[in-house]
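Below is one structure; the comments refer to it alone.
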Amino acid sequence: MNYTIHFSQVVEYIPYLIGGAWISLQVAFLAFCGGMVIGLFGAMAKTFGGRMTRMVVDAYVSFITNTPQLVQIYFLYFALPEVGILMNSYQAVLLGMTLNAGGYLTEIQRAGFLSVRQSELEAAETLGMNLMQKVRYVILPHIMKVLFPSLSNLYILMTLGTSMAAIFGLEELTGRALNINAETFRSIEVFSLTALLYIVVTVVASLLLLAVGRVFFRVKGKVF
Amino acid sequence: MKYLSIDQCDAFYGDQKVLECVSLDVDKGDVVSLIGPSGSGKSTLLRVLVGLNQPTSGRILLEGEAIDYKNRRSLKKARERFAIVFQQYNLFQNMTVLKNVTVAPVKIQGRPKKEVEAEAVLLLEKVGLGEKLKSYPDELSGGQQQRVAIARSLALKPEILLLDEVTSALDPELVTEVLDTIRLLAKEGRTMIIVSHEMGFVLEVSSKIAFMDAGRIIEVGEPRKILEQPDTDRAREFMGKILRH
Ligand SMILES: Nc1ncnc2c1ncn2[C@@H]1O[C@H](COP(=O)(O)OP(=O)(O)OP(=O)(O)O)[C@@H](O)[C@H]1O
Ligand SMILES: [Mg+2]
């Protein structure tokens, strides 16, 4: 044990790391939003759709939830160019994470759909709302409120999951940490600093999510 | 030509026939009360009118024109003329009182928000809830929620108001509040079909009473006649029980 801790060497890289954290946040946010949209349509299809539509959505959800995300992204990154679709690592990771989130969010939102009170839907019906209006004014606000904790958790998991992108050479937080490590060999300092940044990122994200939940969806709850 | 005419309607829940050859005429400005034992089909009849349950045979005519419940345009047009207030209020939990009342006129009828809101405030004041505009349903008492539901249905300016046991979930003090609101509407000459077990109230506001049993309307007539000297044994038995309370 003759490793002496020297943070001084890695301090200069802090802005570089923060830049990486920003990319992580970005990827997670975009993938989450895309996943929410896919999930919303998936849940609508599973709740209101015909037999064929439901089967297609079921197949998609089963594929996503029964294969590793890493494999899904590898598939996009390496298999799609074979059929002429070229993607850089950022695009592949973002698309992979979006499709992955879409699968999970279909299931989560479908559970939310089922928990909407029938009586509210009947009221909406007699007031003259069509399906899209029911979704917009009754179902979505309801599921955002009841699902808020699970959605927040998923978002945090996705933020951490972006570290996978380093494998594809995307220079997000983990990717940049690996770069610095290769240059300085200050592994302990680099990775403890990286972990700290991940904590900061998730705590900030949690706080923001809670604020959004409180203001827009009447979510009650504490941060910790 | 009758204003609203229910003509020999049948309705089913699964295999169970819950309305059988129901006919009823309603004139403009009528307050028709539906009474009868639990399970006799009173709620179902109101639900059929607004198309939540479809009649399997028979017709419903508005000013001589049959509503086609299988045709979305026809159904939408008919629904614009009806409003229903459910027994369990069915308010939108995620909306404030004001939003509950304004959402349909603004987002569905596409009327200007300012104008609708001003009207909604007046309506809510009329039912004694002027102070509660920004509250959510789960912050209100049952009677208050019921009155919001009534205001919500009135905001659409329906021609015909359907009220399904709007006081049955309330305690006696709140019943008075809600009944006062309905009395006011009856005085204004609004056409209403009311399901109620409050016989005193029914006698006071109705222009006509229909007694239902096992999915059929077995007696229709002038309120005092139906309540005090019904023709059928079944109605006599029911009145005997309910008035002994
Ligand atoms: N959702 C449903 N599914 C199946 N059967 C139903 C349903 N709702 C009502 N029914 C049946 O339809 C019949 C008529 O019910 P309805 O609710 O119209 O009676 P009601 O006269 O309103 O009774 P109450 O005074 O108890 O409200 C009953 O026999 C009931 O069992
Ligand atoms: Mg009923």
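Ordered as shown in the structure tokens, chains take letters A, B, and onward, while each chain numbers its residues from 1 and ligands are numbered from 1 in the order shown.
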query: Mind listing the residues within 8 Å of ligand 2, only C-alpha atoms and all ligand atoms counted, as a ChimeraX atom specification?
result: /B:38-39,41-44,87,164-165,195
Please identify every residue of chain B that has at least one atom no farther than 12 Å from an atom of ligand 1, counting only C-alpha atoms and all ligand atoms, and for each give the shortest atom pair and the distance in Å to one decimal, arranged by chain then increasing number, as JSON lines.
{"residue": "B:Asp10", "atom": "CA", "partner": "ligand 1", "partner_atom_place_in_ligand_line": "14 (C)", "distance": 11.9}
{"residue": "B:Ala11", "atom": "CA", "partner": "ligand 1", "partner_atom_place_in_ligand_line": "12 (O)", "distance": 9.1}
{"residue": "B:Phe12", "atom": "CA", "partner": "ligand 1", "partner_atom_place_in_ligand_line": "12 (O)", "distance": 7.7}
{"residue": "B:Tyr13", "atom": "CA", "partner": "ligand 1", "partner_atom_place_in_ligand_line": "4 (C)", "distance": 5.0}
{"residue": "B:Gly14", "atom": "CA", "partner": "ligand 1", "partner_atom_place_in_ligand_line": "4 (C)", "distance": 6.9}
{"residue": "B:Asp15", "atom": "CA", "partner": "ligand 1", "partner_atom_place_in_ligand_line": "4 (C)", "distance": 9.3}
{"residue": "B:Gln16", "atom": "CA", "partner": "ligand 1", "partner_atom_place_in_ligand_line": "5 (N)", "distance": 7.4}
{"residue": "B:Lys17", "atom": "CA", "partner": "ligand 1", "partner_atom_place_in_ligand_line": "12 (O)", "distance": 7.7}
{"residue": "B:Val18", "atom": "CA", "partner": "ligand 1", "partner_atom_place_in_ligand_line": "13 (C)", "distance": 4.9}
{"residue": "B:Leu19", "atom": "CA", "partner": "ligand 1", "partner_atom_place_in_ligand_line": "14 (C)", "distance": 7.6}
{"residue": "B:Glu20", "atom": "CA", "partner": "ligand 1", "partner_atom_place_in_ligand_line": "14 (C)", "distance": 10.9}
{"residue": "B:Leu34", "atom": "CA", "partner": "ligand 1", "partner_atom_place_in_ligand_line": "21 (O)", "distance": 8.7}
{"residue": "B:Ile35", "atom": "CA", "partner": "ligand 1", "partner_atom_place_in_ligand_line": "21 (O)", "distance": 7.9}
{"residue": "B:Gly36", "atom": "CA", "partner": "ligand 1", "partner_atom_place_in_ligand_line": "21 (O)", "distance": 6.6}
{"residue": "B:Pro37", "atom": "CA", "partner": "ligand 1", "partner_atom_place_in_ligand_line": "25 (O)", "distance": 5.9}
{"residue": "B:Ser38", "atom": "CA", "partner": "ligand 1", "partner_atom_place_in_ligand_line": "25 (O)", "distance": 3.5}
{"residue": "B:Gly39", "atom": "CA", "partner": "ligand 1", "partner_atom_place_in_ligand_line": "19 (O)", "distance": 3.4}
{"residue": "B:Ser40", "atom": "CA", "partner": "ligand 1", "partner_atom_place_in_ligand_line": "21 (O)", "distance": 3.9}
{"residue": "B:Gly41", "atom": "CA", "partner": "ligand 1", "partner_atom_place_in_ligand_line": "18 (O)", "distance": 3.1}
{"residue": "B:Lys42", "atom": "CA", "partner": "ligand 1", "partner_atom_place_in_ligand_line": "21 (O)", "distance": 3.8}
{"residue": "B:Ser43", "atom": "CA", "partner": "ligand 1", "partner_atom_place_in_ligand_line": "22 (O)", "distance": 3.7}
{"residue": "B:Thr44", "atom": "CA", "partner": "ligand 1", "partner_atom_place_in_ligand_line": "18 (O)", "distance": 3.7}
{"residue": "B:Leu45", "atom": "CA", "partner": "ligand 1", "partner_atom_place_in_ligand_line": "18 (O)", "distance": 6.5}
{"residue": "B:Leu46", "atom": "CA", "partner": "ligand 1", "partner_atom_place_in_ligand_line": "18 (O)", "distance": 8.2}
{"residue": "B:Arg47", "atom": "CA", "partner": "ligand 1", "partner_atom_place_in_ligand_line": "18 (O)", "distance": 8.2}
{"residue": "B:Val48", "atom": "CA", "partner": "ligand 1", "partner_atom_place_in_ligand_line": "18 (O)", "distance": 9.7}
{"residue": "B:Leu52", "atom": "CA", "partner": "ligand 1", "partner_atom_place_in_ligand_line": "1 (N)", "distance": 10.7}
{"residue": "B:Asn53", "atom": "CA", "partner": "ligand 1", "partner_atom_place_in_ligand_line": "1 (N)", "distance": 9.7}
{"residue": "B:Phe86", "atom": "CA", "partner": "ligand 1", "partner_atom_place_in_ligand_line": "27 (O)", "distance": 10.4}
{"residue": "B:Gln87", "atom": "CA", "partner": "ligand 1", "partner_atom_place_in_ligand_line": "27 (O)", "distance": 8.3}
{"residue": "B:Gln88", "atom": "CA", "partner": "ligand 1", "partner_atom_place_in_ligand_line": "27 (O)", "distance": 10.9}
{"residue": "B:Leu163", "atom": "CA", "partner": "ligand 1", "partner_atom_place_in_ligand_line": "22 (O)", "distance": 11.3}
{"residue": "B:Asp164", "atom": "CA", "partner": "ligand 1", "partner_atom_place_in_ligand_line": "22 (O)", "distance": 7.9}
{"residue": "B:Glu165", "atom": "CA", "partner": "ligand 1", "partner_atom_place_in_ligand_line": "27 (O)", "distance": 7.4}
{"residue": "B:Val166", "atom": "CA", "partner": "ligand 1", "partner_atom_place_in_ligand_line": "27 (O)", "distance": 10.7}
{"residue": "B:Thr167", "atom": "CA", "partner": "ligand 1", "partner_atom_place_in_ligand_line": "27 (O)", "distance": 11.8}
{"residue": "B:Ser168", "atom": "CA", "partner": "ligand 1", "partner_atom_place_in_ligand_line": "27 (O)", "distance": 9.4}
{"residue": "B:Ala169", "atom": "CA", "partner": "ligand 1", "partner_atom_place_in_ligand_line": "27 (O)", "distance": 11.2}
{"residue": "B:Ile194", "atom": "CA", "partner": "ligand 1", "partner_atom_place_in_ligand_line": "22 (O)", "distance": 11.2}
{"residue": "B:Val195", "atom": "CA", "partner": "ligand 1", "partner_atom_place_in_ligand_line": "22 (O)", "distance": 8.0}
{"residue": "B:Ser196", "atom": "CA", "partner": "ligand 1", "partner_atom_place_in_ligand_line": "25 (O)", "distance": 8.4}
{"residue": "B:His197", "atom": "CA", "partner": "ligand 1", "partner_atom_place_in_ligand_line": "25 (O)", "distance": 8.3}
{"residue": "B:Ala210", "atom": "CA", "partner": "ligand 1", "partner_atom_place_in_ligand_line": "21 (O)", "distance": 11.9}
{"residue": "B:Phe211", "atom": "CA", "partner": "ligand 1", "partner_atom_place_in_ligand_line": "21 (O)", "distance": 10.2}
{"residue": "B:Met212", "atom": "CA", "partner": "ligand 1", "partner_atom_place_in_ligand_line": "21 (O)", "distance": 7.6}
{"residue": "B:Asp213", "atom": "CA", "partner": "ligand 1", "partner_atom_place_in_ligand_line": "21 (O)", "distance": 8.0}
{"residue": "B:Ala214", "atom": "CA", "partner": "ligand 1", "partner_atom_place_in_ligand_line": "29 (O)", "distance": 7.6}
{"residue": "B:Gly215", "atom": "CA", "partner": "ligand 1", "partner_atom_place_in_ligand_line": "14 (C)", "distance": 6.8}
{"residue": "B:Arg216", "atom": "CA", "partner": "ligand 1", "partner_atom_place_in_ligand_line": "21 (O)", "distance": 10.3}
{"residue": "B:Ile217", "atom": "CA", "partner": "ligand 1", "partner_atom_place_in_ligand_line": "21 (O)", "distance": 11.0}
field: Separation of atom CA of B:Val103 from atom CA of B:Asp68, in Å and rounded to one decimal
entry: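 Here the two named atoms are 26.2 Å from each other.
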- request: Excluding A:Ile38 and residues on its chain fewer than 6 positions from it, collect all residues at most 9 Å away from it, counting only C-alpha atoms, and give them as a list in words.
  value: Thr98, Leu99, Ala101, Gly102, Gly103, Leu105 and Thr106 of chain A
Enumerate, in order of chain and increasing residue number, the residues of stretch 14-83 of chain B with an atom no farther than 9 Å from stretch 133-157 of chain B, each with its shortest atom pair and distance in Å to one decimal, counting only C-alpha atoms, as a tab-separated table.
residue	atom	partner	partner_atom	distance
B:Glu80	CA	B:Leu156	CA	7.6
B:Arg81	CA	B:Lys157	CA	7.9
B:Phe82	CA	B:Ser153	CA	8.7
B:Ala83	CA	B:Ser153	CA	5.4
Could you write out the selected residues, including C-alpha atoms, as a compact mmCIF listing (two decimals), in the first residue's frame?
# COMPACT_ATOMS: atom_id res chain seq x y z
CA GLU B 80 -74.73 18.30 -26.32
CA ARG B 81 -78.36 18.58 -25.29
CA PHE B 82 -78.13 16.31 -22.24
CA ALA B 83 -76.07 16.55 -19.11
Please tabulate, as JSON lines, the residues of chain B that come within 7 Å of chain A, each with its closest pair of atoms and the distance in Å to one decimal, counting only C-alpha atoms and ordering rows by chain, then residue number upward.
{"residue": "B:Val50", "atom": "CA", "partner": "A:Thr126", "partner_atom": "CA", "distance": 6.6}
{"residue": "B:Lys76", "atom": "CA", "partner": "A:Gly128", "partner_atom": "CA", "distance": 6.6}
{"residue": "B:Arg79", "atom": "CA", "partner": "A:Thr126", "partner_atom": "CA", "distance": 6.6}
{"residue": "B:Asn90", "atom": "CA", "partner": "A:Glu120", "partner_atom": "CA", "distance": 5.2}
{"residue": "B:Leu91", "atom": "CA", "partner": "A:Glu120", "partner_atom": "CA", "distance": 6.4}
{"residue": "B:Phe92", "atom": "CA", "partner": "A:Glu120", "partner_atom": "CA", "distance": 6.0}
{"residue": "B:Asn94", "atom": "CA", "partner": "A:Pro141", "partner_atom": "CA", "distance": 6.4}
{"residue": "B:Ala104", "atom": "CA", "partner": "A:Leu127", "partner_atom": "CA", "distance": 6.2}
{"residue": "B:Ile108", "atom": "CA", "partner": "A:Met129", "partner_atom": "CA", "distance": 6.6}
statement: The distance between atom CA of B:Pro158 and atom CA of B:Ile226 is 28.2 Å
Among the residues of stretch 55-209 of chain B, find those DSSP assigns to alpha helix (DSSP H) from the backbone and print them as a compact mmCIF listing (two decimals) with N, CA and C atoms, in the first residue's frame.
# COMPACT_ATOMS: atom_id res chain seq x y z
N ARG B 72 -71.55 8.29 -34.45
CA ARG B 72 -70.86 9.19 -33.53
C ARG B 72 -71.33 10.63 -33.61
N ARG B 73 -71.63 11.05 -34.84
CA ARG B 73 -72.09 12.44 -34.99
C ARG B 73 -73.43 12.66 -34.31
N SER B 74 -74.32 11.71 -34.55
CA SER B 74 -75.65 11.81 -33.97
C SER B 74 -75.58 11.77 -32.44
N LEU B 75 -74.72 10.87 -31.95
CA LEU B 75 -74.56 10.73 -30.49
C LEU B 75 -73.98 12.01 -29.89
N LYS B 76 -72.99 12.57 -30.59
CA LYS B 76 -72.36 13.79 -30.09
C LYS B 76 -73.38 14.93 -30.04
N LYS B 77 -74.18 15.00 -31.09
CA LYS B 77 -75.19 16.05 -31.15
C LYS B 77 -76.20 15.91 -30.01
N ALA B 78 -76.59 14.67 -29.76
CA ALA B 78 -77.56 14.43 -28.69
C ALA B 78 -76.95 14.74 -27.33
N ARG B 79 -75.68 14.35 -27.17
CA ARG B 79 -75.03 14.56 -25.88
C ARG B 79 -74.90 16.04 -25.55
N VAL B 97 -61.82 22.94 -8.82
CA VAL B 97 -63.26 23.10 -8.99
C VAL B 97 -63.56 23.90 -10.27
N LEU B 98 -62.86 25.01 -10.42
CA LEU B 98 -63.12 25.86 -11.59
C LEU B 98 -62.81 25.13 -12.89
N LYS B 99 -61.69 24.42 -12.91
CA LYS B 99 -61.29 23.69 -14.12
C LYS B 99 -62.29 22.58 -14.44
N ASN B 100 -62.76 21.89 -13.39
CA ASN B 100 -63.78 20.86 -13.60
C ASN B 100 -64.98 21.42 -14.36
N VAL B 101 -65.35 22.64 -13.98
CA VAL B 101 -66.55 23.24 -14.58
C VAL B 101 -66.28 23.79 -15.98
N THR B 102 -65.05 24.27 -16.20
CA THR B 102 -64.78 24.96 -17.46
C THR B 102 -64.18 24.06 -18.55
N VAL B 103 -63.64 22.91 -18.17
CA VAL B 103 -62.87 22.13 -19.14
C VAL B 103 -63.68 21.76 -20.38
N LYS B 113 -62.30 31.22 -23.22
CA LYS B 113 -62.03 30.87 -21.83
C LYS B 113 -62.53 31.92 -20.84
N LYS B 114 -62.27 33.18 -21.16
CA LYS B 114 -62.67 34.28 -20.26
C LYS B 114 -64.16 34.23 -19.96
N GLU B 115 -64.92 34.15 -21.04
CA GLU B 115 -66.37 34.16 -20.94
C GLU B 115 -66.87 32.95 -20.12
N VAL B 116 -66.31 31.77 -20.44
CA VAL B 116 -66.73 30.55 -19.75
C VAL B 116 -66.39 30.64 -18.26
N GLU B 117 -65.20 31.17 -17.97
CA GLU B 117 -64.80 31.26 -16.57
C GLU B 117 -65.72 32.19 -15.79
N ALA B 118 -66.06 33.31 -16.41
CA ALA B 118 -66.96 34.24 -15.73
C ALA B 118 -68.30 33.56 -15.44
N GLU B 119 -68.79 32.83 -16.41
CA GLU B 119 -70.04 32.11 -16.22
C GLU B 119 -69.92 31.05 -15.13
N ALA B 120 -68.78 30.35 -15.15
CA ALA B 120 -68.57 29.28 -14.18
C ALA B 120 -68.55 29.84 -12.77
N VAL B 121 -67.91 31.00 -12.61
CA VAL B 121 -67.86 31.61 -11.29
C VAL B 121 -69.28 31.93 -10.81
N LEU B 122 -70.09 32.46 -11.71
CA LEU B 122 -71.47 32.76 -11.34
C LEU B 122 -72.23 31.49 -10.94
N LEU B 123 -72.04 30.44 -11.74
CA LEU B 123 -72.70 29.17 -11.46
C LEU B 123 -72.29 28.63 -10.09
N LEU B 124 -70.97 28.70 -9.84
CA LEU B 124 -70.47 28.16 -8.58
C LEU B 124 -70.94 29.00 -7.41
N GLU B 125 -71.08 30.29 -7.65
CA GLU B 125 -71.63 31.13 -6.59
C GLU B 125 -73.08 30.75 -6.32
N LYS B 126 -73.78 30.49 -7.40
CA LYS B 126 -75.19 30.13 -7.26
C LYS B 126 -75.38 28.87 -6.41
N GLY B 142 -68.69 15.88 0.59
CA GLY B 142 -69.51 15.22 -0.41
C GLY B 142 -70.54 16.16 -1.03
N GLY B 143 -71.20 16.94 -0.17
CA GLY B 143 -72.23 17.85 -0.67
C GLY B 143 -71.65 18.92 -1.58
N GLN B 144 -70.47 19.38 -1.22
CA GLN B 144 -69.81 20.38 -2.06
C GLN B 144 -69.42 19.78 -3.41
N GLN B 145 -68.89 18.56 -3.38
CA GLN B 145 -68.51 17.90 -4.64
C GLN B 145 -69.74 17.70 -5.52
N GLN B 146 -70.84 17.31 -4.89
CA GLN B 146 -72.06 17.07 -5.66
C GLN B 146 -72.51 18.37 -6.33
N ARG B 147 -72.37 19.47 -5.62
CA ARG B 147 -72.79 20.74 -6.21
C ARG B 147 -71.85 21.19 -7.32
N VAL B 148 -70.55 20.86 -7.18
CA VAL B 148 -69.63 21.13 -8.28
C VAL B 148 -70.07 20.34 -9.51
N ALA B 149 -70.44 19.08 -9.28
CA ALA B 149 -70.87 18.22 -10.39
C ALA B 149 -72.09 18.82 -11.08
N ILE B 150 -72.99 19.37 -10.29
CA ILE B 150 -74.18 20.00 -10.88
C ILE B 150 -73.76 21.24 -11.69
N ALA B 151 -72.88 22.04 -11.10
CA ALA B 151 -72.40 23.23 -11.82
C ALA B 151 -71.69 22.84 -13.11
N ARG B 152 -70.90 21.76 -13.04
CA ARG B 152 -70.18 21.31 -14.23
C ARG B 152 -71.16 20.95 -15.35
N SER B 153 -72.25 20.28 -14.97
CA SER B 153 -73.19 19.89 -16.01
C SER B 153 -73.95 21.11 -16.54
N LEU B 154 -74.18 22.09 -15.68
CA LEU B 154 -74.92 23.28 -16.13
C LEU B 154 -74.08 24.17 -17.05
N ALA B 155 -72.74 24.10 -16.84
CA ALA B 155 -71.87 24.96 -17.64
C ALA B 155 -71.99 24.66 -19.13
N PRO B 172 -77.85 14.18 5.99
CA PRO B 172 -79.08 14.98 5.88
C PRO B 172 -78.85 16.48 5.72
N GLU B 173 -77.85 17.01 6.40
CA GLU B 173 -77.64 18.44 6.30
C GLU B 173 -77.25 18.86 4.89
N LEU B 174 -76.38 18.03 4.28
CA LEU B 174 -75.92 18.34 2.93
C LEU B 174 -77.02 18.12 1.91
N VAL B 175 -77.93 17.18 2.22
CA VAL B 175 -79.04 16.92 1.31
C VAL B 175 -79.81 18.20 1.04
N THR B 176 -80.07 18.95 2.11
CA THR B 176 -80.80 20.20 1.97
C THR B 176 -80.12 21.15 0.99
N GLU B 177 -78.80 21.28 1.13
CA GLU B 177 -78.03 22.17 0.23
C GLU B 177 -78.28 21.81 -1.22
N VAL B 178 -78.14 20.52 -1.50
CA VAL B 178 -78.23 20.08 -2.90
C VAL B 178 -79.67 20.19 -3.40
N LEU B 179 -80.62 19.81 -2.56
CA LEU B 179 -82.02 19.91 -2.98
C LEU B 179 -82.41 21.36 -3.27
N ASP B 180 -81.89 22.28 -2.47
CA ASP B 180 -82.17 23.70 -2.73
C ASP B 180 -81.70 24.09 -4.12
N THR B 181 -80.53 23.60 -4.48
CA THR B 181 -79.99 23.89 -5.80
C THR B 181 -80.93 23.37 -6.89
N ILE B 182 -81.41 22.15 -6.71
CA ILE B 182 -82.29 21.56 -7.74
C ILE B 182 -83.63 22.31 -7.80
N ARG B 183 -84.15 22.66 -6.63
CA ARG B 183 -85.39 23.44 -6.58
C ARG B 183 -85.27 24.69 -7.44
N LEU B 184 -84.13 25.35 -7.28
CA LEU B 184 -83.87 26.58 -8.02
C LEU B 184 -83.94 26.32 -9.53
N LEU B 185 -83.33 25.21 -9.94
CA LEU B 185 -83.31 24.86 -11.37
C LEU B 185 -84.72 24.55 -11.86
N ALA B 186 -85.49 23.87 -11.02
CA ALA B 186 -86.87 23.54 -11.41
C ALA B 186 -87.67 24.82 -11.61
N LYS B 187 -87.46 25.78 -10.70
CA LYS B 187 -88.18 27.06 -10.81
C LYS B 187 -87.83 27.78 -12.09
N MET B 199 -89.03 11.34 -1.13
CA MET B 199 -90.40 11.41 -1.64
C MET B 199 -91.03 12.79 -1.46
N GLY B 200 -90.75 13.43 -0.34
CA GLY B 200 -91.30 14.77 -0.11
C GLY B 200 -90.84 15.73 -1.20
N PHE B 201 -89.55 15.64 -1.49
CA PHE B 201 -88.95 16.51 -2.51
C PHE B 201 -89.51 16.20 -3.89
N VAL B 202 -89.59 14.92 -4.20
CA VAL B 202 -90.12 14.47 -5.47
C VAL B 202 -91.53 15.02 -5.69
N LEU B 203 -92.32 14.93 -4.64
CA LEU B 203 -93.70 15.41 -4.72
C LEU B 203 -93.74 16.91 -5.00
N GLU B 204 -92.80 17.60 -4.38
CA GLU B 204 -92.78 19.06 -4.50
C GLU B 204 -92.34 19.54 -5.89
N VAL B 205 -91.26 18.94 -6.44
CA VAL B 205 -90.71 19.50 -7.68
C VAL B 205 -91.22 18.85 -8.96
message: Measuring between only C-alpha atoms, which one of B:Cys9, B:Met95, B:Val26, B:Met192 shows the shortest distance to B:Thr56?
response: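 So, comparing all the options, the nearest one is B:Cys9.
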message: So that I can check the surroundings of B:Ala235, please list as a ChimeraX atom specification every protein, DNA and RNA residue that reaches within 8 Å of it, counting only C-alpha atoms and ignoring chain neighbours fewer than 2 positions away.
response: /B:36,211,219,226,230-233,237-239
For B:Lys208, please output as a compact mmCIF listing (two decimals) with C-alpha atoms, in the first residue's frame all residues within 8 Å (counting only C-alpha atoms; exclusion window: fewer than 4 positions along the same chain).
# COMPACT_ATOMS: atom_id res chain seq x y z
CA ASP B 30 -91.05 19.00 -17.24
CA VAL B 31 -89.45 17.65 -14.12
CA VAL B 32 -89.94 13.92 -14.33
CA SER B 33 -88.98 11.80 -11.35
CA VAL B 220 -96.67 7.06 -14.87
CA GLY B 221 -98.72 9.99 -13.78
CA GLU B 222 -99.37 13.02 -11.74
CA PRO B 223 -97.12 13.06 -8.62
query: In Å, how far is it from atom CA of A:Met97 to atom CA of A:Ala31?
result: 5.7 Å
- request: Check the DSSP output for the backbone and give back, as a count of residues only, the residues of stretch 10-175 of chain B in strand (DSSP E).
  value: 37
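Around A:Gly175, within 10 Å and counting only C-alpha atoms, the residues found are Leu17, Gly20, Ala21, Ser24, Thr162, Ser163, Met164, Ala165, Ala166, Ile167, Phe168, Gly169, Leu170, Glu171, Glu172, Leu173, Ala177, Leu178, Asn179, Ile180 and Asn181 of chain A, once anything fewer than 2 positions away on its own chain is removed.
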Kindly export the residues of the current selection with N, CA, C and O atoms, as a tab-separated table (two decimals), in the first residue's frame.
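out_31.tsv was written with the following content:
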chain	number	residue	atom	x	y	z
A	17	LEU	N	-14.92	16.95	-16.72
A	17	LEU	CA	-15.84	15.94	-16.18
A	17	LEU	C	-17.27	16.47	-16.11
A	17	LEU	O	-18.24	15.77	-16.43
A	20	GLY	N	-18.91	16.22	-19.20
A	20	GLY	CA	-19.36	14.85	-19.43
A	20	GLY	C	-20.66	14.57	-18.72
A	20	GLY	O	-21.57	13.93	-19.27
A	21	ALA	N	-20.76	15.06	-17.47
A	21	ALA	CA	-21.99	14.86	-16.69
A	21	ALA	C	-23.17	15.49	-17.42
A	21	ALA	O	-24.27	14.94	-17.45
A	24	SER	N	-24.33	13.19	-20.02
A	24	SER	CA	-25.09	12.09	-19.41
A	24	SER	C	-26.52	12.52	-19.15
A	24	SER	O	-27.48	11.81	-19.46
A	162	THR	N	-26.53	5.69	-18.37
A	162	THR	CA	-25.81	6.29	-19.50
A	162	THR	C	-24.32	5.96	-19.46
A	162	THR	O	-23.63	6.13	-20.46
A	163	SER	N	-23.82	5.48	-18.32
A	163	SER	CA	-22.39	5.17	-18.24
A	163	SER	C	-22.00	4.09	-19.24
A	163	SER	O	-20.86	3.98	-19.66
A	164	MET	N	-23.02	3.31	-19.63
A	164	MET	CA	-22.83	2.29	-20.64
A	164	MET	C	-22.32	2.87	-21.96
A	164	MET	O	-21.63	2.20	-22.73
A	165	ALA	N	-22.67	4.12	-22.18
A	165	ALA	CA	-22.31	4.76	-23.45
A	165	ALA	C	-20.80	4.80	-23.65
A	165	ALA	O	-20.32	4.85	-24.79
A	166	ALA	N	-20.03	4.76	-22.55
A	166	ALA	CA	-18.58	4.81	-22.64
A	166	ALA	C	-18.05	3.67	-23.50
A	166	ALA	O	-17.07	3.82	-24.23
A	167	ILE	N	-18.73	2.52	-23.43
A	167	ILE	CA	-18.32	1.35	-24.20
A	167	ILE	C	-18.31	1.67	-25.70
A	167	ILE	O	-17.51	1.14	-26.46
A	168	PHE	N	-19.22	2.56	-26.09
A	168	PHE	CA	-19.31	2.89	-27.51
A	168	PHE	C	-18.50	4.14	-27.86
A	168	PHE	O	-18.67	4.72	-28.92
A	169	GLY	N	-17.64	4.54	-26.90
A	169	GLY	CA	-16.77	5.66	-27.17
A	169	GLY	C	-17.42	7.02	-27.03
A	169	GLY	O	-16.90	8.03	-27.48
A	170	LEU	N	-18.61	7.03	-26.41
A	170	LEU	CA	-19.25	8.32	-26.22
A	170	LEU	C	-18.64	8.99	-24.99
A	170	LEU	O	-18.56	8.39	-23.93
A	171	GLU	N	-18.21	10.23	-25.13
A	171	GLU	CA	-17.49	10.87	-24.03
A	171	GLU	C	-18.43	11.57	-23.08
A	171	GLU	O	-18.42	12.78	-22.95
A	172	GLU	N	-19.24	10.76	-22.40
A	172	GLU	CA	-20.04	11.31	-21.33
A	172	GLU	C	-19.23	11.18	-20.04
A	172	GLU	O	-18.01	10.99	-20.10
A	173	LEU	N	-19.88	11.26	-18.89
A	173	LEU	CA	-19.13	11.32	-17.64
A	173	LEU	C	-18.16	10.14	-17.48
A	173	LEU	O	-16.96	10.34	-17.25
A	177	ALA	N	-14.05	10.06	-17.65
A	177	ALA	CA	-13.29	9.56	-16.51
A	177	ALA	C	-12.24	8.56	-17.00
A	177	ALA	O	-11.08	8.58	-16.58
A	178	LEU	N	-12.65	7.70	-17.91
A	178	LEU	CA	-11.71	6.71	-18.45
A	178	LEU	C	-10.56	7.40	-19.18
A	178	LEU	O	-9.40	7.00	-19.05
A	179	ASN	N	-10.89	8.45	-19.92
A	179	ASN	CA	-9.84	9.21	-20.61
A	179	ASN	C	-8.82	9.79	-19.64
A	179	ASN	O	-7.61	9.68	-19.84
A	180	ILE	N	-9.34	10.42	-18.58
A	180	ILE	CA	-8.44	11.06	-17.61
A	180	ILE	C	-7.60	9.99	-16.92
A	180	ILE	O	-6.39	10.16	-16.69
A	181	ASN	N	-8.24	8.88	-16.60
A	181	ASN	CA	-7.53	7.80	-15.95
A	181	ASN	C	-6.38	7.31	-16.82
A	181	ASN	O	-5.27	7.07	-16.35
query: Looking at A:Val190, A:Val27, A:Ile143, A:Met52, which one is nearest to A:Ser89, with distances taken over only C-alpha atoms?
result: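 Answer, going by the shortest atom-to-atom distance: A:Val27.
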message: Which residue is closest to B:Leu49? Choose from B:Ile160, B:Arg111, B:Glu188, B:Cys21 and count only C-alpha atoms.
response: B:Ile160
